[in-house]
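Below is one structure, written out as structure tokens; the observations come after it.
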Amino acid sequence: MRTQHVDVAVLGAGSGGERLATELAGRDVDVAVVERRLVGGACPFVACIPSKAMLVSAAARATVGAAEDLGATGGPIVLQPGAEAFLRAVRRRDEAAAGHDDGDHVKSLHDAGAQLIRGEGRVTGAGSLEVVGPDGTTQVAFDHLVIATGSQAVVPDVPGLADATPWTYEEAWTARRRPRSMLVLGGGPVGCEIAQAYARFGADVTLADASSLLGGAEEPEIAADLRRALEDDDVTVLEGVDLDRVEPADGGHVAVFGDRRVAVDQIVVAIGTRPRTGGLGLERLGIDPDDLRTDDRCRVEGADDVWAIGDVTDVAPFTHTANYQAAIAAANLLGEDATADYRAIPRAVYTSPEVAAVGLTREQAEEAGIDAVSVAFDLGATARASVEGVAAGRLVLVGDRSDRTLVGASLAGPSAGESVSEFALAIKARATADLLADLVHPFPTWTEGFGPAIEDLCDALDRGALDR
């Protein structure tokens, strides 16, 4: 058994762990990173990057199919069959995901001066952990520990579901075949993206969710826009339903929702994730693995010299949050005083149209005791929408009457994931609606529609809540 001592041990080399280790090693901190799978984590290989590559290919297929309506052709274009087009998109997807080769990520760590230890890491006591890997066992003593082990998909305990061998997001975004029919359980961002992508490649898709709001419990108007978009792509949407059981049938499966039966070839579970904390030995540090909490410096509550970043914290579980937390934790480990502010972390659904939001919904604001008002504006009323001939969606803004600041924004429309940063900055800076109303947007753009919406918010703040 090899034994060594480091200043900081990092459990997990996902986006957050990789960034933190690189930052610290570049500042002459002795860092060891423990990773059991791919350096870089799920995002570049089985989640963010491959999913967006498939969504782009699916969107291009939809655009080509609409070429006649856009005046680009003299007649309809005959598209390649969906199953064949899916295989071509898979090749492009795998190129974007670097063929699941984490060599560049490993090189980045090495060049920064961080040490990578491959294997399963487990805390064995205060200031020590053991890594069992392909090269044997390594005992690592550390002054500080950073937990960056990410999250794992939740698969509900429903009779017959396990026997159906369901996919999670990982299998859905790395699949090399397109099922003829698919049931997606979960109408959050991941479920909606999977449903639309596969439907655009010709699969018969049903999306089922226990709630009545798609896209991650955003504003009702936005959820309704998202539902319409999915239905336009022939996705059958079932809202407010619970899966009772799954039965085998003719080489496929039948999902039973009360009196409704849905026959499909493949089931995908996309109901959410949970922090990956089991089997890490955190109990030896006085940490409850089922209740890991961090303060605003990313330090684990109730533990000395232990930090946590990324999805394992269950705080706004996005790659950009993990990278943000990595910067906060690194600063504190370097002796600086940095605190995290999560008020303006944006979130996005990369469907067509995109959905993006930041801050609080109207309901969340009211639950937080904020004297909130909100307005909804139809972005289809913009000049850009008439030029492109698309239903652009809408923008919902939430303001605080007490100080006239913006506290939330949700939008559905082209490039929503890009545009939402304007509102993220406004919330971060505690900008007033009056200041935002004075901002000039270029014409004709989608953001040009933000001006009238902000003016509506100013009017609403002046006179009180508007009926929605």
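Quick note on naming: the chains in the structure tokens go A, B, ... in the order shown, residues restart at 1 in each chain, and ligands are numbered from 1 in order of appearance.
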
Item to complete: Name all residues at most 8 Å from Gly281 (chain A) (count only C-alpha atoms; drop same-chain ones fewer than 6 positions away) and give them as a list in words.
Response: Arg122, Val123 and Thr124 of chain A

Worksheet item: Where in region 177-359 of chain A does DSSP assign alpha helix (DSSP H), given as a PyMOL selection string?
Response: chain A and resi 189-200+214-217+220-232+319-333

Discussion item. Env of Asp304 (chain A): 9 Å cut, atoms = only C-alpha atoms, seq-sep filter 4 positions within chain, self excluded. Answer as a list of chain:residue names.
Written reply: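 Non-adjacent residues within range: A:His144, A:Leu285, A:Arg299, A:Val300.
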
Expected file contents, prior selection, C-alpha atoms, as a PDB file, in the first residue's frame:
```pdb
ATOM      1  CA  HIS A 144      -8.554  19.492   3.792  1.00  0.00           C
ATOM      2  CA  LEU A 285     -16.100  12.613   9.867  1.00  0.00           C
ATOM      3  CA  ARG A 299     -17.779  24.360   3.999  1.00  0.00           C
ATOM      4  CA  VAL A 300     -19.660  21.271   5.196  1.00  0.00           C
TER       5      VAL A 300
END
```

Fill in: Residue with smallest distance to Ala175 (chain A) - pool A:Pro346, A:Gly451, A:Pro50, A:Pro159, counting only C-alpha atoms
A:Pro50

Discussion item. Show me, as a PyMOL selection string, the residues that have an atom within 9 Å of Val131 (chain A) when counting only C-alpha atoms, minus same-chain residues fewer than 6 positions from it.
Written reply: chain A and resi 34+117-123+137-140

File of the preceding selection, N, CA and C atoms, as a short mmCIF file (atom, residue, chain, number, x, y, z; two decimals), in the first residue's frame:
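Generated file (result-v9.cif):
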```
data_model
loop_
_atom_site.label_atom_id
_atom_site.label_comp_id
_atom_site.auth_asym_id
_atom_site.auth_seq_id
_atom_site.Cartn_x
_atom_site.Cartn_y
_atom_site.Cartn_z
N VAL A 34 -9.25 12.30 -6.67
CA VAL A 34 -9.64 10.89 -6.74
C VAL A 34 -10.86 10.78 -7.66
N ILE A 117 -5.56 10.31 -8.91
CA ILE A 117 -5.54 8.93 -8.42
C ILE A 117 -6.81 8.26 -8.89
N ARG A 118 -6.69 7.26 -9.74
CA ARG A 118 -7.85 6.56 -10.26
C ARG A 118 -8.33 5.52 -9.24
N GLY A 119 -9.63 5.48 -9.00
CA GLY A 119 -10.18 4.45 -8.14
C GLY A 119 -11.30 4.95 -7.26
N GLU A 120 -11.77 4.08 -6.39
CA GLU A 120 -12.84 4.38 -5.45
C GLU A 120 -12.23 4.94 -4.16
N GLY A 121 -12.63 6.14 -3.79
CA GLY A 121 -12.12 6.76 -2.58
C GLY A 121 -13.10 6.64 -1.43
N ARG A 122 -12.56 6.38 -0.24
CA ARG A 122 -13.41 6.25 0.94
C ARG A 122 -12.65 6.78 2.15
N VAL A 123 -13.32 7.62 2.92
CA VAL A 123 -12.72 8.18 4.13
C VAL A 123 -12.53 7.07 5.15
N THR A 137 -3.84 -0.07 -3.90
CA THR A 137 -4.46 0.76 -2.86
C THR A 137 -3.51 1.88 -2.45
N THR A 138 -4.07 3.08 -2.33
CA THR A 138 -3.29 4.24 -1.91
C THR A 138 -3.93 4.85 -0.67
N GLN A 139 -3.12 5.09 0.35
CA GLN A 139 -3.59 5.76 1.55
C GLN A 139 -3.20 7.23 1.44
N VAL A 140 -4.18 8.09 1.53
CA VAL A 140 -3.93 9.52 1.36
C VAL A 140 -4.27 10.25 2.66
#
```

Worksheet item: Taking into account only C-alpha atoms, which residue in the set A:Ala62, A:Cys458, A:Ala429, A:Val358 is nearest to Asp232 (chain A)?
Response: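 Ranking A:Ala62, A:Cys458, A:Ala429, A:Val358 by distance to Asp232 (chain A), first place goes to A:Ala62.
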
Discussion item. Applying 8 Å and only C-alpha atoms, which residues near Cys298 (chain A) remain after dropping the ones on its own chain fewer than 2 positions away? List them as a ChimeraX atom specification.
Written reply: /A:294-296,300,307-309,325,328-329,339-340

Practice prompt. Determine, counting only C-alpha atoms, which protein, DNA and RNA residues have an atom within 10 Å of an atom of Gly65 (chain A); residues of the same chain fewer than 6 positions away are not included. Present the result as a ChimeraX atom specification.
Written response: /A:59,76-79

Worksheet item: Any idea what the distance is between CA of Ala58 (chain A) and CA of Glu84 (chain A)?
Response: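 Answer for the CA of Ala58 (chain A) to CA of Glu84 (chain A) separation: 12.5 Å.
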
Item to complete: Take CA of Ile345 (chain A) and CA of Val420 (chain A) and report the distance between them in Å, one decimal.
Response: 10.1 Å

Discussion item. Just the number, please: distance in Å from CA of Val398 (chain A) to CA of Glu422 (chain A), one decimal.
Written reply: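 Result for CA of Val398 (chain A) versus CA of Glu422 (chain A): 14.3 Å, one decimal.
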
Discussion item. Using only C-alpha atoms for the distances, tell me which of A:Arg343, A:His100, A:Arg200, A:Arg362 is nearest to Ala424 (chain A).
Written reply: A:Arg343

Fill in: Spatial neighbours of Pro414 (chain A), 10 Å, only C-alpha atoms, chain gap at least 5 places, as number ranges by chain
A: 350-355, 385, 390-393, 419, 446

Could you write out the selected residues, including all heavy atoms, as a tab-separated table (two decimals), in the first residue's frame?
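Dumped everything to again.tsv:
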```
chain	number	residue	atom	x	y	z
A	350	TYR	N	-33.01	23.18	-22.92
A	350	TYR	CA	-32.53	23.42	-24.28
A	350	TYR	C	-33.42	22.76	-25.34
A	350	TYR	O	-32.93	22.18	-26.31
A	350	TYR	CB	-31.08	22.96	-24.40
A	350	TYR	CG	-30.18	23.80	-23.53
A	350	TYR	CD1	-29.85	23.40	-22.24
A	350	TYR	CD2	-29.70	25.02	-23.97
A	350	TYR	CE1	-29.04	24.18	-21.42
A	350	TYR	CE2	-28.89	25.82	-23.16
A	350	TYR	CZ	-28.58	25.39	-21.89
A	350	TYR	OH	-27.79	26.18	-21.10
A	351	THR	N	-34.71	22.89	-25.13
A	351	THR	CA	-35.67	22.47	-26.13
A	351	THR	C	-35.79	23.56	-27.19
A	351	THR	O	-35.12	24.58	-27.14
A	351	THR	CB	-37.03	22.23	-25.48
A	351	THR	OG1	-37.34	23.36	-24.63
A	351	THR	CG2	-37.03	20.98	-24.62
A	352	SER	N	-36.65	23.35	-28.17
A	352	SER	CA	-36.99	24.40	-29.13
A	352	SER	C	-38.47	24.70	-28.96
A	352	SER	O	-39.31	23.83	-29.23
A	352	SER	CB	-36.71	23.93	-30.56
A	352	SER	OG	-35.37	23.68	-30.77
A	353	PRO	N	-38.83	25.92	-28.51
A	353	PRO	CA	-37.93	26.98	-28.11
A	353	PRO	C	-37.27	26.69	-26.78
A	353	PRO	O	-37.74	25.87	-26.00
A	353	PRO	CB	-38.86	28.20	-28.00
A	353	PRO	CG	-40.17	27.58	-27.57
A	353	PRO	CD	-40.25	26.28	-28.32
A	354	GLU	N	-36.15	27.37	-26.55
A	354	GLU	CA	-35.49	27.22	-25.26
A	354	GLU	C	-36.33	27.85	-24.15
A	354	GLU	O	-37.10	28.79	-24.38
A	354	GLU	CB	-34.12	27.89	-25.29
A	354	GLU	CG	-33.10	27.16	-26.13
A	354	GLU	CD	-31.72	27.78	-26.06
A	354	GLU	OE1	-31.55	28.81	-25.38
A	354	GLU	OE2	-30.81	27.22	-26.69
A	355	VAL	N	-36.14	27.33	-22.96
A	355	VAL	CA	-36.75	27.91	-21.76
A	355	VAL	C	-35.62	28.24	-20.79
A	355	VAL	O	-34.71	27.43	-20.61
A	355	VAL	CB	-37.73	26.92	-21.10
A	355	VAL	CG1	-38.16	27.42	-19.72
A	355	VAL	CG2	-38.95	26.71	-21.98
A	385	ALA	N	-40.08	38.19	-34.37
A	385	ALA	CA	-40.96	37.04	-34.51
A	385	ALA	C	-41.67	37.04	-35.86
A	385	ALA	O	-41.81	36.00	-36.51
A	385	ALA	CB	-41.98	37.01	-33.38
A	390	VAL	N	-42.07	32.58	-36.45
A	390	VAL	CA	-42.18	31.57	-35.40
A	390	VAL	C	-42.95	32.15	-34.22
A	390	VAL	O	-43.01	33.36	-34.02
A	390	VAL	CB	-40.79	31.09	-34.91
A	390	VAL	CG1	-40.01	30.47	-36.03
A	390	VAL	CG2	-40.02	32.24	-34.26
A	391	ALA	N	-43.54	31.26	-33.45
A	391	ALA	CA	-44.18	31.66	-32.20
A	391	ALA	C	-43.07	31.77	-31.16
A	391	ALA	O	-42.51	30.77	-30.73
A	391	ALA	CB	-45.22	30.64	-31.77
A	392	ALA	N	-42.73	32.97	-30.77
A	392	ALA	CA	-41.52	33.20	-30.00
A	392	ALA	C	-41.64	32.89	-28.52
A	392	ALA	O	-40.66	32.89	-27.81
A	392	ALA	CB	-41.06	34.65	-30.18
A	393	GLY	N	-42.84	32.67	-28.03
A	393	GLY	CA	-42.95	32.41	-26.60
A	393	GLY	C	-43.26	33.67	-25.82
A	393	GLY	O	-43.91	34.58	-26.33
A	419	SER	N	-30.15	34.85	-23.50
A	419	SER	CA	-30.77	36.12	-23.11
A	419	SER	C	-30.97	36.25	-21.60
A	419	SER	O	-31.00	37.35	-21.06
A	419	SER	CB	-32.12	36.28	-23.81
A	419	SER	OG	-31.98	36.23	-25.20
A	446	TRP	N	-34.78	39.49	-30.47
A	446	TRP	CA	-35.72	38.94	-29.50
A	446	TRP	C	-35.69	39.77	-28.23
A	446	TRP	O	-36.71	39.99	-27.59
A	446	TRP	CB	-35.36	37.49	-29.18
A	446	TRP	CG	-35.46	36.57	-30.36
A	446	TRP	CD1	-34.45	35.90	-30.98
A	446	TRP	CD2	-36.65	36.23	-31.07
A	446	TRP	NE1	-34.93	35.16	-32.03
A	446	TRP	CE2	-36.28	35.35	-32.11
A	446	TRP	CE3	-37.99	36.58	-30.95
A	446	TRP	CZ2	-37.20	34.81	-33.01
A	446	TRP	CZ3	-38.91	36.04	-31.84
A	446	TRP	CH2	-38.52	35.18	-32.85
```

Discussion item. Please extract the residues of region 140-190 of chain A with a backbone DSSP assignment of strand (DSSP E) and present them as a list of chain:residue names.
Written reply: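 The strand (DSSP E) subset of region 140-190 of chain A is A:Val140, A:Ala141, A:Phe142, A:Asp143, A:His144, A:Leu145, A:Val146, A:Ile147, A:Ser151, A:Gln152, A:Ala153, A:Ser181, A:Met182, A:Leu183, A:Val184, A:Leu185.
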
Residues from the last selection, N, CA and C atoms, saved as a CSV table (one decimal), in the first residue's frame:
```csv
chain,number,residue,atom,x,y,z
A,140,VAL,N,-4.2,8.1,1.5
A,140,VAL,CA,-3.9,9.5,1.4
A,140,VAL,C,-4.3,10.2,2.7
A,141,ALA,N,-3.3,10.9,3.2
A,141,ALA,CA,-3.5,11.8,4.4
A,141,ALA,C,-3.7,13.2,3.8
A,142,PHE,N,-4.7,14.0,4.4
A,142,PHE,CA,-5.0,15.3,3.9
A,142,PHE,C,-5.2,16.3,5.0
A,143,ASP,N,-5.0,17.6,4.7
A,143,ASP,CA,-5.4,18.6,5.6
A,143,ASP,C,-6.8,19.1,5.4
A,144,HIS,N,-7.2,19.1,4.2
A,144,HIS,CA,-8.6,19.5,3.8
A,144,HIS,C,-9.1,18.5,2.8
A,145,LEU,N,-10.4,18.2,2.9
A,145,LEU,CA,-11.1,17.3,2.0
A,145,LEU,C,-12.2,18.1,1.3
A,146,VAL,N,-12.3,17.9,0.0
A,146,VAL,CA,-13.4,18.5,-0.8
A,146,VAL,C,-14.2,17.4,-1.4
A,147,ILE,N,-15.5,17.4,-1.1
A,147,ILE,CA,-16.4,16.4,-1.7
A,147,ILE,C,-17.0,16.9,-2.9
A,151,SER,N,-23.9,13.6,-8.5
A,151,SER,CA,-25.2,13.1,-8.2
A,151,SER,C,-25.5,11.8,-9.1
A,152,GLN,N,-26.6,11.2,-8.8
A,152,GLN,CA,-27.0,10.0,-9.5
A,152,GLN,C,-28.5,10.0,-9.8
A,153,ALA,N,-28.9,9.4,-10.9
A,153,ALA,CA,-30.3,9.4,-11.3
A,153,ALA,C,-31.1,8.6,-10.3
A,181,SER,N,-40.6,3.4,-30.0
A,181,SER,CA,-41.5,4.2,-29.1
A,181,SER,C,-40.8,4.3,-27.7
A,182,MET,N,-41.2,5.4,-27.0
A,182,MET,CA,-40.5,5.7,-25.8
A,182,MET,C,-41.4,6.4,-24.8
A,183,LEU,N,-41.3,6.0,-23.5
A,183,LEU,CA,-42.0,6.7,-22.5
A,183,LEU,C,-41.0,7.4,-21.6
A,184,VAL,N,-41.1,8.7,-21.5
A,184,VAL,CA,-40.2,9.4,-20.6
A,184,VAL,C,-40.9,9.8,-19.3
A,185,LEU,N,-40.4,9.3,-18.2
A,185,LEU,CA,-41.0,9.6,-16.9
A,185,LEU,C,-40.3,10.8,-16.3
```

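Nearest to Gly417 (chain A) of all the residues A:Val6, A:Val132, A:Ala357, A:Leu116 is A:Ala357, counting only C-alpha atoms.
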
Worksheet entry | Closest of A:Gly191, A:Asp7, A:Ala316, A:Tyr342 to Lys428 (chain A) - atom-to-atom distances counting only C-alpha atoms |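 Smallest distance to Lys428 (chain A) is found for A:Tyr342.
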
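Residue nearest Gly286 (chain A), chosen from A:Ala83, A:Val387, A:Ala126, A:Ala13 and counting only C-alpha atoms: A:Ala126.
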